[in-house]
Amino acid sequence: MSAPTDRKFLGRLPLPERRFLADALRTETVGGVLLLVAAVAALVWANTPLSDSYEAVSDFHIGPAALGLDLSIQHWAADGLLAIFFFVAGIELKRELVAGELRDPKAAALPVIAALCGMAAPALVYALVNAVGNGSMDGWAVPTATDIAFALAVLAVIGTSLPSSLRAFLLTLAVVDDLFAILIIAVFFTSDLNFAALGGAVAGLVLFWFLLRKDVRGWYVYIPLALVIWGLMYNSGVHATIAGVAMGLMLRCTTREGEKHSPGEHIEHLVRPLSAGLAVPLFALFSAGVSISGGAIHSVFTQPVTLGVVLGLVVGKAIGIFGGTWFAARFTRAELNPELAWPDVFAVASLAGIGFTVSLLIGELAFAGDAVLTDEVKASVLIGSLIAAVLASVLLKLRVRKYQALVTAEERDEDQDGIPDIYEEDDPEYHLRMAEIYEKKAAEHRERARLAGAPRDGADRPA
């Protein structure tokens with residue numbers, strides 16, 4: 001007979017982690033709504049008589065040709081602005097590794113296994129569809145990514161607030177997902193290497209690391225250096241967003257004596273609104289503008305490449321994450337939080353099928369030589385993400401009352417000390433404060449009863 005375990009999967013988060021999560025997701029939710037607006041604007045712009053102007057703006061070139069940076073606006077959005085997004089992703093990953101859910105290997109096992117299965121299953125679904133349909137295997141990585149900002153935007157639109165444990169699970173999934181997406185981009189989408197430029201980028205990163213270790217401060221030092229590193233990385237043949245990730249991972253995300261926030265958290269707080277509110281929406285604006293017609297939608301469901309992307313996002317993600325989580329929980333003997341149920345995990349797994357930003361980027365990289373197929377793959381990403389969003393919305397709405405009750409319990413602060421009551425259940429001082437509060441309320445109600453004519457001391461009460 002196996003020994004009992006008190007480990008709880010999707011259990012209550014520590015208070016500092018819950019506060020950090022709430023702050024991070026608040027910005028991501030706003031960014032997700034802007035992302036949704038940008039995607040809709042791109043689709044409208046590209047499917048109206050103004051479509052010629054959309055193509056003209058997207059293809060407009062700007063930048064110093066002498067430095068190899070004479071790029072189109074769309075290219076600047078994908079390689080330049082997304083470097084900011086991946087910089088924030090690098091900081092998130094570093095923080096998770098040293099202070100978050102991933103710092104404890106036992107606690108990290110579940111979300112890491114879930115994320116890996118949630119990337120492997122969509123790739124397998126895509127490969128199976130294209131093997132049967134004699135399609136191209138080049139797009140196997142397209143349906144492997146999860147877009148946390150878009151997923152949170154969906155939650156905001158449908159008016160569902162998840163308990164913090166489910167939100168943390170979704171965020172951790174997305175962080176691990178981003179890590180492996182970065183590795184996929186670095187390994188599988190690197191063109192012919194320019195070793196001189198790559199050596200310069202590595203030297204710049206070493207200098208960046210050295211300055212951080214020496215506690216050198218000042219944006220006027222790091223921003224010019226970051227731009228040089230990015231430019232060298234772009235010219236090296238390695239995707240330029242890798243530079244952003246590398247610099248994010250170098251930031252210190254642990255606090256020292258006297259520090260309220262680590263440098264990584266401070267910089268993330270400053271840069272996240274720029275990433276979520278500007279960089280990612282602009283990328284969506286110049287990447288999501290594909291022609292959507294009856295024939296285009298029909299082709300998405302009849303061609304193996306595009307059908308593989310849709311099924312990978314909708315079916316592969318949900319089955320991969322849910323199956324990986326269930327098997328990992330059985331293997332590690334981690335008990336599910338009794339306030340939640342396995343259908344909640346499946347609903348979040350379905351929500352992870354929204355693979356907008358990174359999926360669009362990988363689609364552009366995978367089919368860079370075929371403009372028509374690139375647009376078709378983009379359309380399949382949009383349609384697959386939409387289907388996943390609708391499916392997840394239905395599943396989450398079925399449990400919305402349970403979620404509302406859990407969120408209300410998490411946020412209740414009757415003694416108004418700034419700490420949710422659920423975190424003070426073992427604190428004697430909390431119970432003494434509550435006793436005083438209720439005694440005052442009882443005295444107030446007794447006085448109101450007296451003024452309303454109630455008998456005193458039990459007089460005239462029926463026997």
# chains A, B, ... in the order shown; residues from 1 in each chain; ligands from 1
$ residues_around --residues "A:Ala201" --least-positions-apart "3" --cutoff "10 Å" --atoms "only C-alpha atoms" --output "VMD selection string"
chain A and resid 195 to 198 204 to 207 226 228 to 236 243
$ select_by_dssp --residues "stretch 3-133 of chain A" --states "helix (DSSP H, G or I)" --output "MDAnalysis selection string"
chainID A and resid 15:46 51:58 65:67 73:98 105:133
$ atom_distance --atom1 "atom CA of A:Val315" --atom2 "atom CA of A:Val176"
19.7 Å
$ closest_residue --among "A:Gly258, A:Pro281, A:Gly363, A:Gly453" --to "A:Ala39" --atoms "only C-alpha atoms"
A:Pro281
$ residues_around --residues "A:Ser58" --least-positions-apart "4" --cutoff "10 Å" --atoms "only C-alpha atoms" --output "PyMOL selection string"
chain A and resi 52-54+72-77+285-287+289
$ write_last_selection --atoms "C-alpha atoms" --output "PDB file, in the first residue's frame"
ATOM      1  CA  ASP A  52      -4.157  47.136 -51.225  1.00  0.00           C
ATOM      2  CA  SER A  53      -3.129  49.739 -48.636  1.00  0.00           C
ATOM      3  CA  TYR A  54      -2.662  46.953 -46.056  1.00  0.00           C
ATOM      4  CA  SER A  72       9.588  45.672 -44.279  1.00  0.00           C
ATOM      5  CA  ILE A  73       7.191  46.916 -41.611  1.00  0.00           C
ATOM      6  CA  GLN A  74       5.879  43.364 -41.209  1.00  0.00           C
ATOM      7  CA  HIS A  75       9.449  42.113 -40.825  1.00  0.00           C
ATOM      8  CA  TRP A  76      10.234  44.763 -38.200  1.00  0.00           C
ATOM      9  CA  ALA A  77       7.128  43.681 -36.263  1.00  0.00           C
ATOM     10  CA  LEU A 285      -1.859  43.858 -36.961  1.00  0.00           C
ATOM     11  CA  PHE A 286       0.729  43.093 -39.640  1.00  0.00           C
ATOM     12  CA  SER A 287       0.582  39.285 -39.438  1.00  0.00           C
ATOM     13  CA  GLY A 289      -4.290  40.274 -42.149  1.00  0.00           C
TER      14      GLY A 289
END
$ residues_around --residues "A:Phe322" --least-positions-apart "5" --cutoff "7 Å" --atoms "only C-alpha atoms" --output "PyMOL selection string"
chain A and resi 345-346+349
